[in-house]
>>> print(open('run.cif').read())   # mmCIF, C-alpha atoms
data_upload
loop_
_atom_site.label_atom_id
_atom_site.label_comp_id
_atom_site.auth_asym_id
_atom_site.auth_seq_id
_atom_site.Cartn_x
_atom_site.Cartn_y
_atom_site.Cartn_z
CA MET A 1 139.07 35.54 106.33
CA ARG A 2 136.43 38.00 107.50
CA PHE A 3 132.91 37.28 106.31
CA THR A 4 129.25 38.06 106.83
CA LYS A 5 126.53 35.41 106.87
CA MET A 6 123.34 36.68 105.20
CA HIS A 7 120.15 35.22 103.82
CA GLY A 8 117.20 36.05 101.60
CA ILE A 9 114.20 34.15 103.02
CA GLY A 10 116.44 31.28 104.10
CA ASN A 11 118.62 31.08 100.98
CA ASP A 12 121.87 31.68 102.87
CA TYR A 13 125.33 32.60 101.64
CA VAL A 14 128.68 33.63 103.05
CA TYR A 15 129.58 37.13 101.82
CA VAL A 16 133.11 38.48 101.56
CA ASP A 17 134.10 42.06 100.77
CA CYS A 18 136.63 41.77 97.93
CA THR A 19 136.63 45.42 96.91
CA GLU A 20 140.15 45.83 98.32
CA ARG A 21 141.50 42.27 97.95
CA GLU A 22 141.10 39.05 96.02
CA LEU A 23 140.49 35.56 97.30
CA LYS A 24 142.65 32.66 96.20
CA ASP A 25 140.76 29.54 95.19
CA PRO A 26 137.20 30.87 95.67
CA ALA A 27 135.75 27.54 94.48
CA GLY A 28 137.62 25.67 97.21
CA ILE A 29 136.66 28.27 99.79
CA ALA A 30 133.01 27.93 98.74
CA ARG A 31 133.09 24.17 99.33
CA PHE A 32 134.77 24.66 102.71
CA VAL A 33 132.59 27.41 104.15
CA SER A 34 129.34 25.93 102.83
CA ASP A 35 129.71 22.67 104.76
CA ARG A 36 127.07 22.75 107.50
CA HIS A 37 129.09 20.48 109.81
CA TYR A 38 132.71 21.55 109.36
CA GLY A 39 132.34 25.03 107.87
CA ILE A 40 130.08 28.03 108.39
CA GLY A 41 127.09 26.46 106.68
CA SER A 42 125.54 28.02 103.57
CA ASP A 43 124.21 27.47 100.08
CA GLY A 44 127.40 28.98 98.70
CA LEU A 45 129.84 31.89 98.66
CA ILE A 46 129.28 35.38 97.23
CA LEU A 47 132.11 37.84 96.68
CA ILE A 48 131.44 41.59 96.50
CA CYS A 49 133.93 43.14 94.08
CA ARG A 50 134.68 46.33 92.22
CA SER A 51 133.25 46.69 88.73
CA GLN A 52 134.23 48.70 85.67
CA THR A 53 130.70 48.62 84.26
CA ALA A 54 128.42 48.88 87.34
CA ASP A 55 128.48 50.07 90.94
CA PHE A 56 129.63 46.64 92.18
CA ARG A 57 130.19 43.10 90.89
CA MET A 58 128.78 39.92 92.43
CA ASP A 59 130.77 36.70 92.02
CA MET A 60 128.73 33.66 93.07
CA TYR A 61 129.88 30.12 93.86
CA ASN A 62 127.57 27.24 94.71
CA ALA A 63 128.12 24.92 97.66
CA ASP A 64 129.88 22.41 95.41
CA GLY A 65 132.31 25.07 94.16
CA SER A 66 130.72 25.50 90.75
CA ARG A 67 130.23 29.02 89.44
CA GLY A 68 126.72 30.42 89.30
CA GLU A 69 125.62 33.11 86.88
CA MET A 70 123.01 34.73 89.07
CA CYS A 71 121.19 34.44 92.40
CA GLY A 72 118.09 36.52 93.08
CA ASN A 73 118.17 36.15 96.87
CA GLY A 74 121.92 36.64 96.86
CA ILE A 75 121.84 39.89 94.91
CA ARG A 76 119.31 41.39 97.34
CA CYS A 77 121.77 40.66 100.13
CA VAL A 78 124.58 42.27 98.11
CA GLY A 79 122.47 45.43 97.97
CA LYS A 80 121.94 45.31 101.73
CA TYR A 81 125.63 44.63 102.40
CA VAL A 82 127.05 47.51 100.39
CA TYR A 83 124.58 49.98 101.92
CA ASP A 84 124.61 48.76 105.53
CA TYR A 85 128.42 48.48 105.64
CA GLY A 86 128.98 51.92 104.15
CA LEU A 87 130.32 50.98 100.73
CA THR A 88 127.65 53.23 99.21
CA ASP A 89 124.97 55.68 100.32
CA ARG A 90 122.86 55.26 97.19
CA GLU A 91 119.45 53.58 97.27
CA GLU A 92 119.47 52.68 93.57
CA LEU A 93 122.34 50.47 92.44
CA SER A 94 123.65 48.52 89.47
CA ILE A 95 125.29 45.15 90.10
CA GLU A 96 127.38 43.31 87.51
CA THR A 97 126.79 39.54 87.32
CA LEU A 98 127.63 36.78 84.87
CA ALA A 99 124.01 37.15 83.73
CA GLY A 100 124.48 40.84 82.96
CA ILE A 101 123.92 44.03 84.96
CA LYS A 102 120.96 43.99 87.35
CA TYR A 103 119.33 47.08 88.84
CA LEU A 104 118.33 47.33 92.50
CA ARG A 105 116.04 49.64 94.44
CA LEU A 106 116.69 49.53 98.19
CA GLU A 107 114.02 50.00 100.85
CA VAL A 108 115.69 51.55 103.90
CA GLU A 109 114.31 51.58 107.45
CA ASN A 110 116.25 53.09 110.38
CA ARG A 111 119.32 53.42 108.13
CA LYS A 112 119.34 49.70 107.30
CA VAL A 113 118.07 47.95 104.18
CA SER A 114 115.01 45.81 104.89
CA ARG A 115 113.78 44.91 101.39
CA VAL A 116 115.14 45.11 97.87
CA GLN A 117 113.44 45.24 94.48
CA VAL A 118 115.51 43.81 91.63
CA ASN A 119 114.92 44.28 87.93
CA MET A 120 115.86 40.75 86.87
CA GLY A 121 115.68 41.57 83.17
CA GLU A 122 113.77 39.84 80.40
CA PRO A 123 113.13 36.11 80.64
CA VAL A 124 114.95 34.07 78.02
CA LEU A 125 112.74 31.54 76.25
CA ALA A 126 114.91 30.45 73.30
CA PRO A 127 115.94 26.81 73.95
CA GLU A 128 119.54 27.24 72.82
CA LYS A 129 120.01 30.20 75.16
CA ILE A 130 118.49 28.61 78.27
CA PRO A 131 120.02 26.07 77.35
CA VAL A 132 117.78 23.03 76.92
CA LYS A 133 117.59 20.49 74.12
CA ALA A 134 114.18 21.20 72.60
CA GLU A 135 112.83 22.19 69.20
CA LYS A 136 109.94 24.52 69.98
CA GLU A 137 109.92 28.00 71.50
CA PRO A 138 108.80 28.60 74.13
CA VAL A 139 109.47 25.25 75.78
CA ALA A 140 106.09 25.11 77.53
CA GLY A 141 104.46 21.87 78.61
CA GLU A 142 107.28 19.91 76.99
CA PRO A 143 107.39 16.20 77.96
CA ILE A 144 110.54 14.88 79.65
CA LEU A 145 111.24 11.41 81.04
CA VAL A 146 112.82 11.47 84.51
CA CYS A 147 112.92 8.66 87.10
CA GLY A 148 110.79 6.47 84.86
CA ARG A 149 107.96 9.01 84.69
CA GLU A 150 106.92 11.51 82.06
CA TRP A 151 106.68 15.09 83.31
CA GLU A 152 105.69 18.33 81.60
CA MET A 153 108.32 21.05 81.92
CA THR A 154 108.41 24.71 81.02
CA CYS A 155 111.93 26.08 80.60
CA VAL A 156 113.06 29.64 81.28
CA SER A 157 116.40 31.33 81.80
CA MET A 158 116.61 34.21 84.27
CA GLY A 159 120.35 34.39 83.67
CA ASN A 160 120.55 30.74 84.74
CA PRO A 161 118.55 27.74 83.48
CA HIS A 162 115.26 26.64 85.05
CA ALA A 163 112.80 23.83 84.42
CA VAL A 164 109.40 24.44 86.02
CA ILE A 165 107.15 21.48 86.83
CA PHE A 166 103.54 22.06 87.90
CA LEU A 167 102.04 19.76 90.53
CA ASP A 168 98.44 19.16 91.55
CA THR A 169 99.39 18.20 95.12
CA PRO A 170 101.00 20.23 97.94
CA VAL A 171 104.70 20.74 97.28
CA ARG A 172 105.57 19.87 100.88
CA ASP A 173 104.60 16.27 100.15
CA PHE A 174 106.76 15.97 97.04
CA ALA A 175 109.80 13.64 97.13
CA LEU A 176 112.16 16.36 95.94
CA SER A 177 115.42 14.69 97.01
CA GLU A 178 114.56 11.63 94.92
CA VAL A 179 113.69 13.47 91.72
CA GLY A 180 115.71 16.71 91.86
CA PRO A 181 119.18 15.24 91.19
CA ASP A 182 117.99 13.41 88.07
CA PHE A 183 116.47 16.60 86.67
CA GLU A 184 119.62 18.57 87.46
CA LYS A 185 121.89 16.22 85.53
CA HIS A 186 119.50 15.19 82.75
CA GLU A 187 121.10 15.01 79.30
CA ARG A 188 118.68 17.60 77.92
CA PHE A 189 120.32 20.33 80.05
CA PRO A 190 123.88 20.99 78.79
CA ARG A 191 124.75 23.18 81.81
CA ARG A 192 122.56 21.28 84.30
CA VAL A 193 119.37 22.93 85.53
CA ASN A 194 117.54 24.35 88.53
CA THR A 195 114.18 22.64 88.89
CA GLU A 196 111.10 24.24 90.46
CA PHE A 197 108.13 22.14 91.56
CA VAL A 198 105.15 24.46 91.73
CA ARG A 199 101.50 24.29 92.75
CA VAL A 200 99.15 27.08 91.71
CA LEU A 201 97.11 28.32 94.69
CA GLY A 202 95.27 31.07 92.81
CA ALA A 203 95.56 33.66 90.07
CA ASP A 204 98.12 35.60 92.11
CA ARG A 205 99.67 32.98 94.40
CA LEU A 206 102.00 30.00 93.88
CA GLU A 207 103.82 27.65 96.24
CA MET A 208 107.19 26.23 95.27
CA ARG A 209 110.10 24.04 96.27
CA VAL A 210 113.35 24.09 94.36
CA TRP A 211 116.28 21.82 93.64
CA GLU A 212 119.24 24.06 92.79
CA ARG A 213 122.10 22.81 90.67
CA GLY A 214 125.23 22.59 92.76
CA ALA A 215 123.41 23.08 96.06
CA GLY A 216 120.47 20.67 96.32
CA GLU A 217 117.26 21.82 97.94
CA THR A 218 117.40 25.37 99.22
CA TRP A 219 114.82 27.27 101.22
CA ALA A 220 114.35 29.78 98.43
CA CYS A 221 115.46 30.68 94.92
CA GLY A 222 114.83 34.17 93.59
CA THR A 223 115.54 33.42 89.95
CA GLY A 224 113.45 30.26 90.34
CA ALA A 225 110.49 32.22 91.70
CA CYS A 226 110.75 34.54 88.68
CA ALA A 227 110.91 31.55 86.34
CA ALA A 228 107.89 29.97 88.06
CA VAL A 229 105.71 33.04 87.46
CA VAL A 230 106.85 33.35 83.85
CA ALA A 231 106.10 29.65 83.33
CA ALA A 232 102.69 29.98 84.98
CA VAL A 233 101.80 32.91 82.70
CA LEU A 234 102.96 31.01 79.61
CA ASN A 235 100.71 28.11 80.59
CA GLY A 236 97.72 30.33 81.49
CA ARG A 237 97.89 29.37 85.16
CA CYS A 238 98.27 32.79 86.83
CA GLY A 239 98.48 36.52 86.20
CA ARG A 240 101.61 38.57 85.63
CA ARG A 241 101.88 39.58 89.28
CA ALA A 242 101.99 36.91 91.95
CA THR A 243 103.30 36.04 95.38
CA VAL A 244 105.47 32.93 95.48
CA GLU A 245 105.50 30.97 98.74
CA LEU A 246 108.82 29.23 99.42
CA LEU A 247 110.07 27.29 102.43
CA GLY A 248 111.85 30.38 103.76
CA GLY A 249 109.17 32.99 103.05
CA ASP A 250 107.44 34.89 100.26
CA LEU A 251 108.67 36.76 97.21
CA GLU A 252 106.66 39.24 95.15
CA ILE A 253 107.17 38.72 91.42
CA GLU A 254 105.86 40.83 88.53
CA TRP A 255 106.41 40.21 84.81
CA ARG A 256 105.62 43.61 83.32
CA LYS A 257 104.19 43.94 79.84
CA GLU A 258 105.59 47.40 79.20
CA ASP A 259 109.26 46.40 79.28
CA ASN A 260 109.01 42.56 79.34
CA CYS A 261 111.18 42.56 82.46
CA VAL A 262 110.62 40.53 85.62
CA TYR A 263 110.76 42.38 88.95
CA MET A 264 111.43 40.57 92.22
CA THR A 265 110.87 42.12 95.64
CA GLY A 266 111.77 40.53 98.95
CA PRO A 267 113.68 40.87 102.24
CA ALA A 268 117.39 40.59 102.93
CA ALA A 269 118.83 39.84 106.37
CA THR A 270 122.22 39.79 108.08
CA VAL A 271 122.77 36.83 110.40
CA PHE A 272 126.23 37.53 111.85
CA ASP A 273 129.76 38.73 111.10
CA GLY A 274 132.72 36.49 111.72
CA GLU A 275 136.27 35.46 110.94
CA ILE A 276 137.35 31.97 109.96
CA CYS A 277 140.72 30.29 109.61
CA LEU A 278 140.96 28.66 106.21
CA PRO A 279 142.79 25.36 105.69
CA ALA A 280 146.48 25.45 104.77
CA GLY A 281 146.99 26.43 101.15
CA MET A 282 143.65 28.20 101.00
CA GLU A 283 144.70 31.67 102.10
CA GLY A 284 141.92 34.22 102.16
CA ALA A 285 143.70 37.09 100.46
CA GLU A 286 146.52 37.90 98.10
#
>>> encode(input="run.cif", output="structure tokens")
Amino acid sequence: MRFTKMHGIGNDYVYVDCTERELKDPAGIARFVSDRHYGIGSDGLILICRSQTADFRMDMYNADGSRGEMCGNGIRCVGKYVYDYGLTDREELSIETLAGIKYLRLEVENRKVSRVQVNMGEPVLAPEKIPVKAEKEPVAGEPILVCGREWEMTCVSMGNPHAVIFLDTPVRDFALSEVGPDFEKHERFPRRVNTEFVRVLGADRLEMRVWERGAGETWACGTGACAAVVAAVLNGRCGRRATVELLGGDLEIEWRKEDNCVYMTGPAATVFDGEICLPAGMEGAE
């Protein structure tokens, strides 16, 4: 199976061009290639496919093989892939995802994509659509008991569910691996949840670490950065335009009043191209 390893500020995926073929058992392939000891090493697998409703379709699988609706860092890399590898010459694209069609604007330097702006759509605040078990809308500053401690969460869907927790201490010191799994699988989240632990640095700057469902801690999460800014605005902690500092780098997020949509801008990078032999029974193409 031919592949390309790419990342958006450290949130890395294995990308496969499926515009002319289909993969058998993509969930199994995702688990295999994502293993950082025996596979390629990644946060998951992203397939680039043909679409009947947009320019391309993005199929995303987490490292544990579960299907993901949307990945902000991943979709920027999809935009870079289709342009850099000659699948399109357009600098404005539509990409079909399980979270709906997203619209990309590519920034091209020396005939290669360096940065991508994505219209991530309107944030979803209705509890039943996130989904989260809660009675009020929006779910802002809602108490939740996790690991024997009461936290205040703000819940947002950016096509996938997020619970944002604000901290008063530096996020680098937070025991994420101890708390993240219990948030992810908490009974109040019917489809599990991505959890962002955020400290406000100023009116236009946040720092964040994230525990992603199906992947654990990742260096970045684009949808999570969007959710963090929306949550900060809902709680009066920052303005509608902010830079979010993640382990892998920064993302620029803007929640615009005029259309209620969240815009994410950040880099996309190619690491290397390769070919891997898949285990018996896990052929790469039909």
>>> closest_atom_pairs(input="run.cif", of="stretch 154-199 of chain A", to="stretch 127-138 of chain A", cutoff="6 Å", atoms="only C-alpha atoms", output="Markdown table")
| residue | atom | partner | partner_atom | distance |
| --- | --- | --- | --- | --- |
| A:Ser157 | CA | A:Ile130 | CA | 4.9 |
| A:Pro161 | CA | A:Ile130 | CA | 5.3 |
| A:Arg188 | CA | A:Lys133 | CA | 4.9 |
| A:Phe189 | CA | A:Val132 | CA | 4.9 |
>>> axis_aligned_box(input="run.cif", around="stretch 221-229 of chain A", padding_each_side="3 Å", output="JSON")
{"center_x": 110.6, "center_y": 32.3, "center_z": 90.6, "size_x": 15.8, "size_y": 10.6, "size_z": 14.6}
>>> resolve_selection(input="run.cif", expression="the PyMOL selection byres ((chain A and resi 111-123) around 7)", output="list in words")
Arg76, Lys80, Asp84, Lys102, Tyr103, Leu104, Arg105, Leu106, Glu107, Val108, Glu109, Asn110, Val124, Leu125, Val156, Ser157, Met158, Asn260, Cys261, Val262, Tyr263, Met264, Thr265, Gly266, Pro267 and Ala268 of chain A
>>> resolve_selection(input="run.cif", expression="the PyMOL selection byres ((chain A and resi 202-211) around 7)", output="compact mmCIF listing (two decimals) with C-alpha atoms, keeping the file's coordinate frame")
# COMPACT_ATOMS: atom_id res chain seq x y z
CA VAL A 171 104.70 20.74 97.28
CA GLY A 180 115.71 16.71 91.86
CA ASN A 194 117.54 24.35 88.53
CA THR A 195 114.18 22.64 88.89
CA GLU A 196 111.10 24.24 90.46
CA PHE A 197 108.13 22.14 91.56
CA VAL A 198 105.15 24.46 91.73
CA ARG A 199 101.50 24.29 92.75
CA VAL A 200 99.15 27.08 91.71
CA LEU A 201 97.11 28.32 94.69
CA GLU A 212 119.24 24.06 92.79
CA ARG A 213 122.10 22.81 90.67
CA GLY A 216 120.47 20.67 96.32
CA GLU A 217 117.26 21.82 97.94
CA THR A 218 117.40 25.37 99.22
CA CYS A 221 115.46 30.68 94.92
CA ARG A 237 97.89 29.37 85.16
CA CYS A 238 98.27 32.79 86.83
CA GLY A 239 98.48 36.52 86.20
CA ARG A 241 101.88 39.58 89.28
CA ALA A 242 101.99 36.91 91.95
CA THR A 243 103.30 36.04 95.38
CA VAL A 244 105.47 32.93 95.48
CA GLU A 245 105.50 30.97 98.74
CA LEU A 246 108.82 29.23 99.42
CA LEU A 247 110.07 27.29 102.43
>>> closest_residue(input="run.cif", among="A:Thr154, A:Gln52, A:Thr88, A:Thr19", to="A:Val193", atoms="only C-alpha atoms")
A:Thr154
>>> closest_residue(input="run.cif", among="A:Gly65, A:Gly74, A:Pro170, A:Gly214", to="A:Ile46", atoms="all atoms listed in the file")
A:Gly74
>>> atom_distance(input="run.cif", atom1="atom CA of A:Ser66", atom2="atom CA of A:Arg31")
9.0 Å
>>> atom_distance(input="run.cif", atom1="atom CA of A:Ile165", atom2="atom CA of A:Met153")
5.1 Å
